[in-house]
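Student: The following file, upload17.cif, comprises mmCIF, C-alpha atoms:
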data_upload
#
loop_
_atom_site.label_atom_id
_atom_site.label_comp_id
_atom_site.auth_asym_id
_atom_site.auth_seq_id
_atom_site.Cartn_x
_atom_site.Cartn_y
_atom_site.Cartn_z
CA MET A 232 -61.25 154.95 -146.84
CA SER A 233 -58.93 153.69 -149.52
CA ILE A 234 -60.00 156.45 -151.92
CA ASP A 235 -60.74 160.12 -151.48
CA ARG A 236 -63.41 162.05 -153.39
CA ARG A 237 -60.99 163.36 -156.01
CA GLN A 238 -59.70 159.87 -156.72
CA PHE A 239 -63.25 158.55 -156.82
CA VAL A 240 -64.35 161.04 -159.47
CA GLN A 241 -61.12 160.88 -161.47
CA GLY A 242 -60.97 157.09 -161.42
CA ALA A 243 -63.56 156.70 -164.19
CA VAL A 244 -62.92 159.81 -166.28
CA ALA A 245 -61.28 157.74 -169.01
CA ALA A 246 -64.30 155.48 -169.23
CA SER A 247 -66.59 158.49 -169.42
CA CYS A 248 -64.52 160.17 -172.12
CA ALA A 249 -64.35 156.96 -174.11
CA LEU A 250 -68.08 157.07 -174.76
CA SER A 251 -68.96 158.35 -178.20
CA PRO A 252 -71.10 161.52 -178.49
CA ILE A 253 -73.94 159.35 -179.76
CA ALA A 254 -73.69 156.98 -176.80
CA ARG A 255 -73.59 159.85 -174.32
CA ALA A 256 -76.61 161.46 -175.94
CA GLN A 257 -78.72 158.34 -175.69
CA ALA A 258 -80.96 158.39 -172.63
CA SER A 259 -80.51 155.32 -170.48
CA PRO A 260 -83.46 153.82 -168.57
CA PRO A 261 -84.02 155.33 -165.11
CA ILE A 262 -82.23 153.75 -162.18
CA TYR A 263 -84.66 152.90 -159.42
CA ILE A 264 -83.86 152.52 -155.73
CA GLY A 265 -84.22 149.35 -153.68
CA ASP A 266 -83.88 149.62 -149.90
CA MET A 267 -83.36 146.46 -147.86
CA HIS A 268 -84.30 148.07 -144.54
CA ALA A 269 -86.56 151.02 -143.72
CA HIS A 270 -88.97 152.09 -140.97
CA LEU A 271 -91.82 154.49 -140.44
CA PHE A 272 -93.42 153.42 -137.13
CA PHE A 273 -90.24 152.78 -135.10
CA PHE A 274 -88.98 155.48 -132.74
CA GLY A 275 -89.33 157.68 -135.79
CA MET A 276 -86.60 160.25 -135.29
CA GLY A 277 -89.26 162.90 -135.89
CA ALA A 278 -90.93 161.06 -138.76
CA SER A 279 -94.57 159.98 -138.77
CA PRO A 280 -97.05 158.72 -141.37
CA GLU A 281 -98.57 162.19 -141.43
CA LYS A 282 -95.27 164.03 -141.88
CA ARG A 283 -93.62 161.52 -144.21
CA PRO A 284 -96.23 159.35 -145.94
CA LEU A 285 -94.49 156.51 -147.69
CA GLY A 286 -95.94 157.01 -151.17
CA PRO A 287 -94.55 160.51 -151.80
CA THR A 288 -91.34 159.59 -149.98
CA MET A 289 -90.70 156.73 -152.39
CA ALA A 290 -91.80 158.70 -155.44
CA ALA A 291 -89.43 161.59 -154.64
CA GLY A 292 -86.45 159.31 -155.23
CA ASN A 293 -87.81 156.71 -157.64
CA ALA A 294 -87.69 154.08 -154.91
CA THR A 295 -89.66 151.10 -156.19
CA LEU A 296 -88.58 148.23 -153.93
CA VAL A 297 -88.61 149.17 -150.25
CA ALA A 298 -88.49 146.73 -147.32
CA TRP A 299 -90.64 148.16 -144.53
CA SER A 300 -89.42 146.59 -141.33
CA LEU A 301 -91.88 145.93 -138.53
CA VAL A 302 -89.87 146.06 -135.29
CA GLY A 303 -90.87 142.98 -133.36
CA ASP A 304 -89.54 144.06 -129.96
CA VAL A 305 -90.22 147.82 -129.87
CA PRO A 306 -92.56 147.76 -126.82
CA TRP A 307 -89.68 146.40 -124.77
CA LEU A 308 -87.02 148.90 -125.87
CA ARG A 309 -85.85 152.31 -124.71
CA VAL A 310 -83.41 154.81 -126.15
CA THR A 311 -80.45 155.52 -123.84
CA PRO A 312 -77.23 157.56 -124.17
CA LYS A 313 -75.54 154.24 -124.97
CA GLY A 314 -77.99 153.27 -127.66
CA ILE A 315 -81.15 151.18 -127.70
CA LYS A 316 -81.48 148.88 -124.71
CA GLN A 317 -83.95 146.29 -123.49
CA ASN A 318 -86.69 147.57 -121.19
CA GLY A 319 -88.68 144.61 -119.95
CA GLN A 320 -89.50 141.20 -121.36
CA PRO A 321 -92.64 140.22 -123.26
CA LYS A 322 -95.01 137.85 -121.49
CA ARG A 323 -96.43 134.84 -123.25
CA GLY A 324 -98.41 135.95 -126.30
CA GLU A 325 -97.53 139.65 -126.03
CA ALA A 326 -94.95 139.68 -128.84
CA GLY A 327 -97.40 137.95 -131.16
CA ALA A 328 -100.14 140.43 -130.29
CA TRP A 329 -97.78 143.34 -130.94
CA PHE A 330 -96.75 141.86 -134.27
CA GLU A 331 -100.38 141.50 -135.38
CA SER A 332 -101.39 145.01 -134.32
CA ASP A 333 -98.38 146.78 -135.82
CA LEU A 334 -98.69 144.84 -139.06
CA ALA A 335 -102.34 145.88 -139.33
CA ARG A 336 -101.31 149.50 -138.84
CA ILE A 337 -98.62 149.19 -141.54
CA LYS A 338 -101.05 147.65 -144.01
CA GLN A 339 -103.58 150.40 -143.34
CA HIS A 340 -100.99 153.02 -144.24
CA LEU A 341 -99.97 151.14 -147.38
CA ASP A 342 -103.61 150.91 -148.45
CA GLN A 343 -104.00 154.66 -147.93
CA GLN A 344 -100.91 155.22 -150.09
CA ASN A 345 -102.10 152.82 -152.80
CA LEU A 346 -98.81 150.94 -152.50
CA LYS A 347 -98.66 147.30 -153.55
CA LEU A 348 -97.03 144.48 -151.60
CA VAL A 349 -94.36 142.12 -152.86
CA LEU A 350 -96.08 138.77 -152.48
CA THR A 351 -94.72 136.83 -155.47
CA PRO A 352 -91.47 136.77 -157.46
CA GLU A 353 -93.36 138.47 -160.31
CA ASP A 354 -93.99 141.46 -158.04
CA ILE A 355 -90.24 141.92 -157.73
CA ASP A 356 -89.94 142.10 -161.52
CA LYS A 357 -92.62 144.78 -161.56
CA ALA A 358 -90.73 146.79 -158.93
CA VAL A 359 -87.48 146.57 -160.89
CA ALA A 360 -89.38 147.77 -163.95
CA GLY A 361 -90.53 150.87 -162.08
CA GLU A 362 -93.81 149.99 -160.35
CA PRO A 363 -93.51 150.85 -156.61
CA HIS A 364 -93.81 147.87 -154.26
CA VAL A 365 -93.19 147.35 -150.56
CA VAL A 366 -91.70 144.23 -149.00
CA LEU A 367 -93.06 143.47 -145.54
CA THR A 368 -90.26 142.41 -143.22
CA VAL A 369 -89.91 141.91 -139.49
CA GLU A 370 -86.87 142.95 -137.45
CA GLY A 371 -86.44 140.64 -134.50
CA ALA A 372 -88.59 137.49 -134.68
CA THR A 373 -89.68 137.90 -131.06
CA PHE A 374 -93.19 136.69 -131.95
CA VAL A 375 -91.83 133.20 -132.63
CA GLU A 376 -91.46 132.51 -128.89
CA ASP A 377 -90.55 128.81 -128.68
CA ASN A 378 -91.39 127.19 -132.02
CA PRO A 379 -91.18 128.14 -135.71
CA ALA A 380 -94.90 127.69 -136.44
CA PRO A 381 -95.69 131.45 -136.20
CA ILE A 382 -93.38 132.00 -139.20
CA GLU A 383 -95.97 130.28 -141.39
CA HIS A 384 -98.68 132.60 -140.08
CA ALA A 385 -96.42 135.59 -140.77
CA TYR A 386 -96.04 134.40 -144.36
CA GLU A 387 -99.81 134.16 -144.73
CA LEU A 388 -100.03 137.78 -143.53
CA GLY A 389 -97.60 138.93 -146.23
CA ILE A 390 -94.20 138.93 -144.49
CA ARG A 391 -91.50 137.99 -146.99
CA SER A 392 -88.29 138.54 -145.00
CA VAL A 393 -87.38 137.74 -141.39
CA GLN A 394 -84.51 139.22 -139.40
CA LEU A 395 -83.81 136.79 -136.58
CA VAL A 396 -82.69 139.06 -133.75
CA HIS A 397 -82.73 142.70 -132.72
CA TYR A 398 -82.22 144.34 -129.29
CA ILE A 399 -83.81 142.07 -126.67
CA GLU A 400 -83.06 138.62 -125.36
CA ASN A 401 -84.55 136.00 -127.63
CA PRO A 402 -84.50 132.21 -128.09
CA LEU A 403 -83.00 132.31 -131.62
CA GLY A 404 -79.43 133.46 -131.11
CA ASP A 405 -76.98 136.06 -129.87
CA PHE A 406 -77.09 139.68 -130.99
CA GLN A 407 -74.23 142.14 -131.30
CA THR A 408 -74.89 144.74 -128.64
CA GLU A 409 -75.15 142.57 -125.51
CA ARG A 410 -73.04 139.84 -123.96
CA PRO A 411 -73.56 136.56 -125.86
CA GLN A 412 -75.57 133.96 -123.99
CA TYR A 413 -75.84 131.07 -126.47
CA GLY A 414 -72.47 131.05 -128.19
CA GLY A 415 -74.13 131.69 -131.55
CA LEU A 416 -77.35 130.35 -133.05
CA THR A 417 -79.81 128.15 -131.14
CA ASP A 418 -81.58 125.05 -132.42
CA LEU A 419 -84.75 127.13 -132.69
CA GLY A 420 -82.86 129.71 -134.73
CA ARG A 421 -81.80 126.96 -137.11
CA LYS A 422 -85.38 125.72 -137.41
CA VAL A 423 -86.60 129.24 -138.18
CA ILE A 424 -84.05 129.54 -141.01
CA GLU A 425 -85.13 126.16 -142.38
CA THR A 426 -88.77 127.23 -142.18
CA CYS A 427 -88.05 130.50 -143.98
CA ASN A 428 -86.22 128.63 -146.73
CA ARG A 429 -89.13 126.22 -147.15
CA LEU A 430 -91.74 128.97 -147.27
CA GLY A 431 -89.79 131.25 -149.60
CA MET A 432 -88.86 133.99 -147.14
CA LEU A 433 -85.58 135.89 -147.23
CA VAL A 434 -83.46 135.47 -144.09
CA ASP A 435 -81.84 138.62 -142.71
CA LEU A 436 -78.88 138.14 -140.35
CA ALA A 437 -78.40 141.80 -139.35
CA HIS A 438 -77.73 142.26 -135.61
CA CYS A 439 -76.54 138.64 -135.26
CA THR A 440 -73.13 138.06 -133.74
CA ASP A 441 -70.37 136.92 -136.04
CA THR A 442 -70.59 133.36 -134.70
CA ALA A 443 -74.36 133.28 -135.19
CA VAL A 444 -73.95 134.52 -138.79
CA ARG A 445 -71.43 131.83 -139.62
CA GLU A 446 -73.62 129.13 -138.12
CA ALA A 447 -76.65 130.45 -139.99
CA LEU A 448 -74.75 130.25 -143.27
CA GLU A 449 -74.15 126.57 -142.63
CA VAL A 450 -77.90 125.99 -142.27
CA ALA A 451 -79.34 128.26 -144.95
CA LYS A 452 -80.11 126.64 -148.29
CA GLN A 453 -80.76 129.98 -149.97
CA PRO A 454 -78.76 133.22 -150.06
CA VAL A 455 -79.24 135.55 -147.10
CA VAL A 456 -78.87 139.28 -146.53
CA TRP A 457 -77.23 141.41 -143.91
CA SER A 458 -79.64 144.28 -144.49
CA HIS A 459 -77.96 147.16 -142.70
CA SER A 460 -74.77 148.37 -140.96
CA SER A 461 -71.28 148.29 -142.46
CA VAL A 462 -68.21 146.16 -142.95
CA THR A 463 -64.88 146.54 -141.18
CA ARG A 464 -61.49 145.30 -142.33
CA THR A 465 -59.61 146.44 -139.21
CA ARG A 466 -61.44 145.17 -136.12
CA GLN A 467 -63.37 142.27 -134.66
CA PRO A 468 -66.60 143.84 -133.40
CA ASN A 469 -67.84 142.94 -129.93
CA TRP A 470 -70.65 144.03 -127.61
CA LYS A 471 -68.41 146.27 -125.47
CA MET A 472 -67.63 148.66 -128.35
CA PRO A 473 -69.59 151.82 -129.22
CA VAL A 474 -72.83 150.76 -130.90
CA TRP A 475 -71.85 151.63 -134.47
CA GLN A 476 -68.66 149.60 -134.13
CA ALA A 477 -70.35 146.72 -132.33
CA ARG A 478 -72.85 146.57 -135.18
CA GLN A 479 -70.25 146.19 -137.91
CA LEU A 480 -69.62 142.97 -139.82
CA PRO A 481 -66.08 141.60 -140.20
CA ILE A 482 -64.88 141.54 -143.79
CA ASP A 483 -64.27 137.77 -143.81
CA THR A 484 -67.85 137.11 -142.75
CA ALA A 485 -69.19 139.58 -145.30
CA LYS A 486 -67.29 137.66 -147.96
CA MET A 487 -68.87 134.44 -146.71
CA ILE A 488 -72.34 135.94 -147.16
CA ALA A 489 -71.34 137.03 -150.65
CA GLY A 490 -69.83 133.64 -151.38
CA LYS A 491 -73.24 132.06 -150.82
CA GLY A 492 -74.90 134.54 -153.16
CA GLY A 493 -76.09 136.95 -150.47
CA VAL A 494 -76.07 140.73 -150.18
CA VAL A 495 -74.68 143.08 -147.52
CA GLY A 496 -76.46 146.40 -147.01
CA LEU A 497 -74.74 149.63 -146.01
CA TRP A 498 -76.39 152.04 -143.59
CA PRO A 499 -75.91 155.85 -143.67
CA MET A 500 -74.66 156.28 -140.09
CA ARG A 501 -72.61 159.52 -140.13
CA SER A 502 -70.07 158.34 -137.57
CA ASP A 503 -69.41 155.37 -139.82
CA VAL A 504 -69.80 156.40 -143.47
CA GLY A 505 -69.64 160.21 -143.45
CA ALA A 506 -72.16 163.05 -143.55
CA THR A 507 -73.28 163.36 -147.18
CA PRO A 508 -74.90 161.26 -149.91
CA GLU A 509 -71.63 161.50 -151.80
CA ALA A 510 -69.67 160.07 -148.87
CA TYR A 511 -72.21 157.26 -148.62
CA ALA A 512 -71.88 156.62 -152.36
CA GLU A 513 -68.12 156.22 -152.01
CA ARG A 514 -68.46 153.78 -149.13
CA LEU A 515 -71.08 151.70 -150.89
CA TRP A 516 -69.01 151.50 -154.06
CA GLU A 517 -66.00 150.55 -151.96
CA LEU A 518 -68.04 147.80 -150.29
CA GLY A 519 -68.83 146.48 -153.76
CA GLU A 520 -65.11 146.42 -154.50
CA TRP A 521 -64.41 144.53 -151.27
CA ILE A 522 -67.01 141.77 -151.56
CA GLY A 523 -68.08 141.92 -155.21
CA ILE A 524 -70.31 144.33 -157.11
CA ASP A 525 -73.10 141.71 -157.09
CA HIS A 526 -73.22 141.53 -153.31
CA ALA A 527 -73.58 145.07 -151.89
CA GLY A 528 -76.72 147.15 -151.57
CA ILE A 529 -78.63 149.91 -149.82
CA GLY A 530 -79.94 149.51 -146.27
CA THR A 531 -80.95 152.99 -145.14
CA ASP A 532 -82.50 152.09 -141.76
CA MET A 533 -84.75 155.03 -142.69
CA ASN A 534 -86.28 156.89 -139.71
CA ALA A 535 -84.22 154.96 -137.18
CA ILE A 536 -80.87 156.78 -137.44
CA ALA A 537 -80.36 160.29 -136.09
CA ARG A 538 -79.01 162.75 -138.71
CA PRO A 539 -78.11 160.13 -141.35
CA ALA A 540 -76.13 160.80 -144.51
CA ILE A 541 -79.15 159.58 -146.51
CA THR A 542 -82.30 161.24 -145.19
CA SER A 543 -84.62 160.46 -148.10
CA TYR A 544 -84.84 158.53 -151.33
CA ALA A 545 -84.19 161.80 -153.12
CA ASP A 546 -80.78 161.67 -151.38
CA ALA A 547 -80.33 158.16 -152.73
CA GLN A 548 -80.77 159.52 -156.24
CA LYS A 549 -78.03 162.05 -155.48
CA MET A 550 -75.83 159.03 -154.86
CA VAL A 551 -76.80 157.56 -158.23
CA ARG A 552 -76.01 160.84 -160.01
CA TYR A 553 -72.65 161.01 -158.22
CA TRP A 554 -71.74 157.57 -159.53
CA GLN A 555 -72.88 158.52 -163.02
CA LYS A 556 -70.87 161.73 -162.93
CA ALA A 557 -67.85 159.66 -161.95
CA GLY A 558 -68.38 157.65 -165.12
CA PHE A 559 -69.27 154.29 -163.64
CA ALA A 560 -71.32 151.91 -165.76
CA ASP A 561 -75.08 152.04 -165.35
CA GLU A 562 -75.12 148.23 -165.14
CA SER A 563 -72.99 148.28 -161.98
CA ILE A 564 -74.86 151.27 -160.54
CA ARG A 565 -78.16 149.49 -161.07
CA LYS A 566 -76.91 146.43 -159.21
CA LEU A 567 -75.99 148.45 -156.13
CA ALA A 568 -79.10 150.64 -156.32
CA ILE A 569 -81.72 147.89 -156.66
CA GLY A 570 -80.62 144.86 -158.66
CA ASN A 571 -78.76 142.93 -155.99
CA PHE A 572 -81.56 143.23 -153.47
CA ALA A 573 -84.13 142.25 -156.08
CA ARG A 574 -82.10 139.24 -157.15
CA VAL A 575 -81.56 137.78 -153.70
CA LEU A 576 -85.16 138.40 -152.66
CA LYS A 577 -86.47 136.77 -155.81
CA GLN A 578 -84.20 133.77 -155.39
CA ALA A 579 -85.38 133.22 -151.81
CA MET A 580 -89.04 133.62 -152.75
CA SER A 581 -88.76 131.42 -155.84
CA ALA A 582 -87.42 128.56 -153.70
CA ARG A 583 -90.77 128.17 -151.93
CA GLU A 584 -91.67 124.51 -151.63
CA ALA A 585 -95.15 123.40 -152.67
#
In structure tokens, what does this structure look like?
Tutor:
Amino acid sequence: MSIDRRQFVQGAVAASCALSPIARAQASPPIYIGDMHAHLFFFGMGASPEKRPLGPTMAAGNATLVAWSLVGDVPWLRVTPKGIKQNGQPKRGEAGAWFESDLARIKQHLDQQNLKLVLTPEDIDKAVAGEPHVVLTVEGATFVEDNPAPIEHAYELGIRSVQLVHYIENPLGDFQTERPQYGGLTDLGRKVIETCNRLGMLVDLAHCTDTAVREALEVAKQPVVWSHSSVTRTRQPNWKMPVWQARQLPIDTAKMIAGKGGVVGLWPMRSDVGATPEAYAERLWELGEWIGIDHAGIGTDMNAIARPAITSYADAQKMVRYWQKAGFADESIRKLAIGNFARVLKQAMSAREA
């Protein structure tokens, strides 16, 4: 950390004091939360639709734009002392069948919660204005198998963002936590990105190796996101490192994502960012300083991290209040909290070709 908590709070005292009594008394519009990466049906970490229904969970923290990530390879994963590892390989058609069944289960829960889907750019505007919406995303495009055609079917079913890789071997590209086998992105991976761009789907490069990210940026015609993990300025992550370090993104690559208009999401992994919402707030603000305030955002990985610094969207509002107490401008806070995610998602969706 380049700043400690005292410096963080003191750094904007002058700006806070400079506000007139009238300006301080005026109530500013609420700041809503946008989350680029969340789960409910993954391994759960003790969560379940019954224990943590999504509607009240979002409402408790004014979260109005949440990306619910369907995990495309979960039947072939297991949790080990060294992190999540592959446990088997899907046979022909199995990944597609899993995708369809899990998506149906997700939609059933959303219907029960009376939560609306983000299907058009206008839906994003509604979410930013305070009407709760959920973005359907998929983590690990395992269902693609050997051609990009299933991406079109996924779009028809309501998926609006695709993360290429996750934790099992796949034909799209290398991922961070196992030895690389392709040397980056494959031709199929490139075709999937092109298909997403044509359809108006946001491409998520989280879990990709550094080489795969850089190659993806050469192909992508629209801004991309790195939805969750963190950025390092001191190491070059590789698959032999502890998982949280292997999953980091080098600062130069994060700046490349930002340079193309994209957004990098910060996760609340305690070993990485600290144990409290305030510690997370400091790291996320710092990330904004590193790569630009328009290019950092929230990626909680909700219900997939053990003992995270952010356990709920109510915790995310604690982060917002911490920034406000420090005196930072609501405009910048709003960008980190929801605006950057909304912007990049809307840009990708608006680029849909007729």
Student: Where does the PyMOL selection byres ((chain A and resi 300-305) around 9) land in this file, that is, which residues does it pick, as a PyMOL selection string?
Tutor: chain A and resi 267-274+298-299+306-309+317+321+326-327+329-330+333-334+337+366-374+392+397-399+532
Student: Just the residues within 12 Å of Ser259 in chain A, please, counting all atoms listed in the file, with nothing from its chain fewer than 6 positions along; format it as a list in words.
Tutor: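 Returned residues: Gln555, Ala560, Asp561, Glu562 and Arg565 of chain A.
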Student: Range 440-443 of chain A, all listed atoms, 8 Å padding on each side: what axis-aligned box centre and edge lengths in Å to one decimal come out, as AutoDock Vina command-line options?
Tutor:
--center_x -72.4 --center_y 135.7 --center_z -134.9 --size_x 20.0 --size_y 20.8 --size_z 18.3
Student: Please enumerate the residues selected by the PyMOL selection byres ((chain A and resi 418-426) around 7) when evaluated against the supplied file, formatted as number ranges by chain.
Tutor: A: 378-379, 402-404, 416-417, 427-430, 434, 447, 450-451
Student: Please determine, counting all atoms listed in the file, which residue among A:Lys491, A:Lys549, A:Arg478, A:His384 has the shortest atom-to-atom distance to Thr408 in chain A.
Tutor: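 Residue with the minimum atom-to-atom distance to Thr408 in chain A: A:Arg478.
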Student: Can you list, as a PyMOL selection string, the residues that the PyMOL selection byres ((chain A and resi 510) around 10) selects here?
Tutor: chain A and resi 235-236+499+501+504-509+511-515+540-541+550+553
Student: Name the residues in contact with Asp503 in chain A at a cut-off of 9 Å, using all atoms listed in the file, excluding same-chain residues fewer than 3 positions from it; report them as number ranges by chain.
Tutor: A: 460-461, 475-476, 498-500, 506
Student: Next, the residues of the selection above should be written as a tab-separated table (two decimals), in the frame of the given file with C-alpha atoms.
Tutor:
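That gives us out_14.tsv:
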chain	number	residue	atom	x	y	z
A	460	SER	CA	-74.77	148.37	-140.96
A	461	SER	CA	-71.28	148.29	-142.46
A	475	TRP	CA	-71.85	151.63	-134.47
A	476	GLN	CA	-68.66	149.60	-134.13
A	498	TRP	CA	-76.39	152.04	-143.59
A	499	PRO	CA	-75.91	155.85	-143.67
A	500	MET	CA	-74.66	156.28	-140.09
A	506	ALA	CA	-72.16	163.05	-143.55
Student: Find the residues of range 333-440 of chain A that sit at most 12 Å from range 569-572 of chain A; for each, write down the nearest two atoms and how far apart they are in Å, to one decimal. Count all atoms listed in the file. Sort by chain, then by number going up, and give it as JSON lines.
Tutor:
{"residue": "A:Ile355", "atom": "CA", "partner": "A:Phe572", "partner_atom": "CA", "distance": 9.8}
{"residue": "A:Asp356", "atom": "CA", "partner": "A:Gly570", "partner_atom": "CA", "distance": 10.1}
{"residue": "A:Ala358", "atom": "CA", "partner": "A:Ile569", "partner_atom": "CA", "distance": 9.4}
{"residue": "A:Val359", "atom": "CA", "partner": "A:Ile569", "partner_atom": "CA", "distance": 7.3}
{"residue": "A:Ala360", "atom": "CA", "partner": "A:Ile569", "partner_atom": "CA", "distance": 10.6}
{"residue": "A:Gly361", "atom": "CA", "partner": "A:Ile569", "partner_atom": "CA", "distance": 10.8}
{"residue": "A:Val366", "atom": "CA", "partner": "A:Phe572", "partner_atom": "CA", "distance": 11.1}
{"residue": "A:Ser392", "atom": "CA", "partner": "A:Phe572", "partner_atom": "CA", "distance": 11.8}
{"residue": "A:Leu433", "atom": "CA", "partner": "A:Phe572", "partner_atom": "CA", "distance": 10.4}
{"residue": "A:Asp435", "atom": "CA", "partner": "A:Phe572", "partner_atom": "CA", "distance": 11.7}
Student: If we count only C-alpha atoms, what is near Arg464 in chain A at a cut-off of 12 Å, once residues fewer than 6 positions away on the same chain are taken out, given as a list in words?
Tutor: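 Close residues of Arg464 in chain A: Met232, Ser233, Gln476, Gln479, Leu480, Pro481, Ile482, Asp483, Thr484, Ala485, Lys486, Glu517, Leu518, Trp521 and Ile522 of chain A.
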Student: Go ahead and save the picked residues with C-alpha atoms, as a compact mmCIF listing (two decimals), in the coordinates of the input.
Tutor:
# COMPACT_ATOMS: atom_id res chain seq x y z
CA MET A 232 -61.25 154.95 -146.84
CA SER A 233 -58.93 153.69 -149.52
CA GLN A 476 -68.66 149.60 -134.13
CA GLN A 479 -70.25 146.19 -137.91
CA LEU A 480 -69.62 142.97 -139.82
CA PRO A 481 -66.08 141.60 -140.20
CA ILE A 482 -64.88 141.54 -143.79
CA ASP A 483 -64.27 137.77 -143.81
CA THR A 484 -67.85 137.11 -142.75
CA ALA A 485 -69.19 139.58 -145.30
CA LYS A 486 -67.29 137.66 -147.96
CA GLU A 517 -66.00 150.55 -151.96
CA LEU A 518 -68.04 147.80 -150.29
CA TRP A 521 -64.41 144.53 -151.27
CA ILE A 522 -67.01 141.77 -151.56
Student: Using all atoms listed in the file, find the one residue out of A:Gly530, A:Gly319, A:Pro468, A:Pro411 that sits nearest to Leu567 in chain A.
Tutor: A:Gly530
Student: Identify which of the residues A:Gly415, A:Pro381, A:Gly528, A:Gly492 lies closest to Val396 in chain A, counting all atoms listed in the file when measuring atom-to-atom distances.
Tutor: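 Under the stated criterion, the closest residue is A:Gly415.
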Student: With only C-alpha atoms as the atoms that count, which of A:Asp405, A:Glu520, A:Glu325, A:Asp546 lies nearest to Val375 in chain A?
Tutor: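 Once distances to Val375 in chain A are computed over only C-alpha atoms, the minimum belongs to A:Glu325.
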Student: Please measure the separation of CA of Lys577 in chain A and CA of Pro280 in chain A, giving the value in Å to one decimal.
Tutor: 28.3 Å
Student: Find the spatial neighbours of range 524-526 of chain A, counting all atoms listed in the file, within a cut-off of 6 Å - ignore same-chain residues fewer than 2 positions away - and output them as a CSV table (one decimal) with C-alpha atoms, keeping the file's coordinate frame.
Tutor:
chain,number,residue,atom,x,y,z
A,489,ALA,CA,-71.3,137.0,-150.6
A,494,VAL,CA,-76.1,140.7,-150.2
A,519,GLY,CA,-68.8,146.5,-153.8
A,571,ASN,CA,-78.8,142.9,-156.0
Student: Could you work out how far CA of Gly496 in chain A lies from CA of Leu448 in chain A, giving the answer in Å with one decimal?
Tutor: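 CA of Leu448 in chain A sits 16.7 Å away from CA of Gly496 in chain A.
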Student: Just give me the gap between CA of Val551 in chain A and CA of Ala568 in chain A in Å, one decimal is fine.
Tutor: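 So the answer is 7.5 Å.
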Student: I'd like to know which of A:Ala545, A:Val474, A:Ala527, A:Val349 is closest to Ser563 in chain A, using all atoms listed in the file.
Tutor: A:Ala527
Student: Kindly indicate which residue among A:Asn345, A:Asp441, A:Ile264, A:Phe559 lies nearest to Ile529 in chain A, using all atoms listed in the file for the distances.
Tutor: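 Checking each candidate against Ile529 in chain A, we get A:Ile264 as the closest.
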